[in-house]
Amino acid sequence: MGSQELESRQTAEKIKYFFVINPNAGRRREQKRLHANIVKACEAAGADFEIYDTECAGDGGEYMISAVNALLEGENADPGLSLRFYFGGGDGTVLESANAYMALPEELRRSGRVAVGILPVGTGNDFLRNFGTAKDFLNIDRQLAAEARDVDLIAYGGKYCANMFNIGFDCQVVVRVNHNHGKAFMTKNLAYPLGVVHTLRKFPHTYLRVSFDNGEEFKGKFLLTLVSNGSYCGGGFYAASKARPDDGLLDVLMVDPITRRQFISMVGKYKKGKLLGTKLGDSISTLRKCRSVTIESPEETDICVDGEVERFTKVTMTNVPAAFRFLVP
């Protein structure tokens, strides 16, 4: 879409753009480049825009809710105005923005007047891989003209997950990645592979009870378990290759305990999304699609929620269809 066409559409639709940037995500050089690109693209398009640098965790979500309340609700609300919020960060920022979006009044969410986009300057950036590349999402011209799509979320414990839950091996890799975050030698491309190597030394197995909404149940030790809306985790691992973020279903993958040698032989296929359907993959893993699943652990256990680690003993995850209005450039 050309700048004149975009400007015409903005005038007709009265769109205001907000860029909510986590200054601690990514390198300082990337942050400066991002800010400069936003200003250049918005000014060239004649866009009405604001840039806000967050100050702490949760600040970006609160900023979005405040802006929506000020411009779309109350006596001074403009019924012809739409708002687009672009959050700069990683998968944790997607998690924050999705939960803030779901805190908005249902009527506003259904109206389509509020939509959320992502500018990938974080470590993993896995949710956006379901829709395109980081290069696509960092192109501000394309972001201004992005298509708003309704995608699913996963409800759990009064909160929402956008992409994926990981328990077991993958979660412990994230624990290690978070531990190494900010170290001088650590790059985006190194973070996850080094986490895998460290976790492989410990090779954890987790005892779980996994109960599906159709009454089916699995109990035992698992190397890893994932409950997914999207397909990717770990900075590009195509782990849930059958999952789609708009099909109204959860994909649950359970992998049995295996030897280190078996793990090393399968990890390449796991990363490429080619484990399922192979002789080894089918012998050690179980995939189920469902609308809801409950996972229990006999003791408090780590669970990774879109790159953020929490603790649980019992959690129920439920698909919420077409809940999140997401901008795809």
# chains A, B, ... in the order shown; residues from 1 in each chain; ligands from 1

call {"tool": "select_by_dssp", "arguments": {"residues": "segment 103-257 of chain A", "states": "strand (DSSP E or B)", "output": "number ranges by chain"}}
result
A: 114-120, 147-156, 159-161, 164-168, 206-212, 217-222, 224-228, 233, 237, 250-255

call {"tool": "write_last_selection", "arguments": {"atoms": "C-alpha atoms", "output": "compact mmCIF listing (two decimals), in the first residue's frame"}}
result
# COMPACT_ATOMS: atom_id res chain seq x y z
CA VAL A 114 -8.66 -1.89 18.97
CA ALA A 115 -5.92 -4.11 17.52
CA VAL A 116 -2.48 -5.16 18.72
CA GLY A 117 0.76 -5.68 16.80
CA ILE A 118 4.28 -6.74 17.71
CA LEU A 119 7.68 -5.28 16.83
CA PRO A 120 10.10 -8.17 17.45
CA GLU A 147 -4.26 -6.68 8.36
CA ALA A 148 -6.11 -7.23 11.64
CA ARG A 149 -6.83 -10.94 12.19
CA ASP A 150 -8.81 -12.63 14.95
CA VAL A 151 -6.66 -15.34 16.56
CA ASP A 152 -7.22 -17.69 19.48
CA LEU A 153 -5.87 -17.39 23.01
CA ILE A 154 -5.53 -19.94 25.82
CA ALA A 155 -7.28 -19.12 29.08
CA TYR A 156 -5.75 -20.41 32.34
CA LYS A 159 -5.06 -15.15 32.64
CA TYR A 160 -4.29 -15.73 28.95
CA CYS A 161 -1.48 -17.31 26.95
CA MET A 164 2.46 -21.98 24.10
CA PHE A 165 2.90 -23.66 27.49
CA ASN A 166 6.02 -25.80 27.99
CA ILE A 167 6.65 -28.22 30.85
CA GLY A 168 9.76 -30.32 31.38
CA THR A 206 8.46 -34.61 35.06
CA TYR A 207 5.63 -36.73 36.49
CA LEU A 208 2.24 -35.45 35.29
CA ARG A 209 -1.44 -36.36 35.02
CA VAL A 210 -2.85 -35.01 31.74
CA SER A 211 -6.67 -35.06 31.51
CA PHE A 212 -8.54 -34.14 28.31
CA GLU A 217 -6.15 -39.36 30.56
CA PHE A 218 -2.39 -39.95 30.60
CA LYS A 219 -0.24 -40.43 33.71
CA GLY A 220 3.50 -40.88 34.07
CA LYS A 221 6.89 -39.30 33.55
CA PHE A 222 7.44 -37.13 30.47
CA LEU A 224 8.51 -32.65 27.79
CA THR A 225 4.91 -31.61 27.45
CA LEU A 226 3.57 -28.69 25.48
CA VAL A 227 0.11 -27.16 25.12
CA SER A 228 0.07 -24.94 22.08
CA CYS A 233 8.98 -22.06 20.66
CA PHE A 237 11.78 -24.66 17.12
CA LEU A 250 -5.25 -26.73 21.47
CA ASP A 251 -2.45 -29.06 20.41
CA VAL A 252 -1.05 -31.13 23.30
CA LEU A 253 2.22 -32.99 22.70
CA MET A 254 3.63 -35.39 25.31
CA VAL A 255 7.09 -36.92 24.83

call {"tool": "select_by_dssp", "arguments": {"residues": "segment 10-239 of chain A", "states": "alpha helix (DSSP H)", "output": "ChimeraX atom specification"}}
result
/A:10-13,28-45,59-72,91-102,106-111,134-137,140-144,169-180,188-202

call {"tool": "residues_around", "arguments": {"residues": "segment 280-285 of chain A", "least_positions_apart": "2", "cutoff": "6 Å", "atoms": "only C-alpha atoms", "output": "ChimeraX atom specification"}}
result
/A:254-256,275-278

call {"tool": "residues_around", "arguments": {"residues": "Ala240 of chain A", "least_positions_apart": "6", "cutoff": "7 Å", "atoms": "only C-alpha atoms", "output": "PyMOL selection string"}}
result
chain A and resi 228+231-232+273

call {"tool": "closest_residue", "arguments": {"among": "A:Gly248, A:Met317, A:Leu194, A:Glu300", "to": "Asp213 of chain A", "atoms": "only C-alpha atoms"}}
result
A:Met317

call {"tool": "atom_distance", "arguments": {"atom1": "atom CA of Arg201 of chain A", "atom2": "atom CA of Gly90 of chain A"}}
result
27.3 Å

call {"tool": "closest_atom_pairs", "arguments": {"of": "segment 39-58 of chain A", "to": "segment 10-34 of chain A", "cutoff": "7 Å", "atoms": "only C-alpha atoms", "output": "JSON lines"}}
result
{"residue": "A:Asp48", "atom": "CA", "partner": "A:Lys16", "partner_atom": "CA", "distance": 5.2}
{"residue": "A:Phe49", "atom": "CA", "partner": "A:Tyr17", "partner_atom": "CA", "distance": 4.6}
{"residue": "A:Glu50", "atom": "CA", "partner": "A:Phe18", "partner_atom": "CA", "distance": 5.0}
{"residue": "A:Ile51", "atom": "CA", "partner": "A:Phe19", "partner_atom": "CA", "distance": 4.7}
{"residue": "A:Tyr52", "atom": "CA", "partner": "A:Val20", "partner_atom": "CA", "distance": 4.9}
{"residue": "A:Asp53", "atom": "CA", "partner": "A:Ile21", "partner_atom": "CA", "distance": 4.8}
{"residue": "A:Thr54", "atom": "CA", "partner": "A:Asn22", "partner_atom": "CA", "distance": 5.3}

call {"tool": "write_last_selection", "arguments": {"atoms": "N, CA and C atoms", "output": "PDB file, in the first residue's frame"}}
result
ATOM      1  N   ASP A  48      -1.093   9.769  12.683  1.00  0.00           N
ATOM      2  CA  ASP A  48      -1.222  10.283  14.044  1.00  0.00           C
ATOM      3  C   ASP A  48      -0.646   9.213  14.965  1.00  0.00           C
ATOM      4  N   PHE A  49       0.484   9.503  15.623  1.00  0.00           N
ATOM      5  CA  PHE A  49       1.154   8.446  16.381  1.00  0.00           C
ATOM      6  C   PHE A  49       1.794   8.974  17.652  1.00  0.00           C
ATOM      7  N   GLU A  50       2.037   8.031  18.571  1.00  0.00           N
ATOM      8  CA  GLU A  50       2.777   8.308  19.807  1.00  0.00           C
ATOM      9  C   GLU A  50       3.746   7.158  20.051  1.00  0.00           C
ATOM     10  N   ILE A  51       4.892   7.475  20.655  1.00  0.00           N
ATOM     11  CA  ILE A  51       5.845   6.458  21.088  1.00  0.00           C
ATOM     12  C   ILE A  51       5.952   6.530  22.605  1.00  0.00           C
ATOM     13  N   TYR A  52       5.837   5.366  23.238  1.00  0.00           N
ATOM     14  CA  TYR A  52       5.927   5.320  24.706  1.00  0.00           C
ATOM     15  C   TYR A  52       6.936   4.245  25.101  1.00  0.00           C
ATOM     16  N   ASP A  53       7.958   4.616  25.849  1.00  0.00           N
ATOM     17  CA  ASP A  53       8.937   3.670  26.383  1.00  0.00           C
ATOM     18  C   ASP A  53       8.485   3.217  27.765  1.00  0.00           C
ATOM     19  N   THR A  54       8.288   1.933  27.926  1.00  0.00           N
ATOM     20  CA  THR A  54       7.797   1.407  29.195  1.00  0.00           C
ATOM     21  C   THR A  54       8.859   1.541  30.282  1.00  0.00           C
TER      22      THR A  54
END

call {"tool": "atom_distance", "arguments": {"atom1": "atom CA of Ala41 of chain A", "atom2": "atom CA of Asp141 of chain A"}}
result
5.8 Å

call {"tool": "closest_residue", "arguments": {"among": "A:Asp306, A:Asp91, A:Glu216, A:Glu43", "to": "Gly122 of chain A", "atoms": "only C-alpha atoms"}}
result
A:Asp91

call {"tool": "closest_residue", "arguments": {"among": "A:Cys42, A:Val293, A:Val175, A:Ile264", "to": "Arg311 of chain A", "atoms": "only C-alpha atoms"}}
result
A:Val175

call {"tool": "atom_distance", "arguments": {"atom1": "atom CA of Arg325 of chain A", "atom2": "atom CA of Cys171 of chain A"}}
result
27.4 Å

call {"tool": "residues_around", "arguments": {"residues": "Gly230 of chain A", "least_positions_apart": "3", "cutoff": "8 Å", "atoms": "only C-alpha atoms", "output": "PyMOL selection string"}}
result
chain A and resi 127+130+162-164+240+243-245

call {"tool": "closest_residue", "arguments": {"among": "A:Lys202, A:Ser297, A:Phe324, A:Gly58", "to": "Phe312 of chain A", "atoms": "only C-alpha atoms"}}
result
A:Ser297

call {"tool": "closest_residue", "arguments": {"among": "A:Asn99, A:Ser66, A:Asn229, A:Asn214", "to": "Asp247 of chain A", "atoms": "only C-alpha atoms"}}
result
A:Asn229
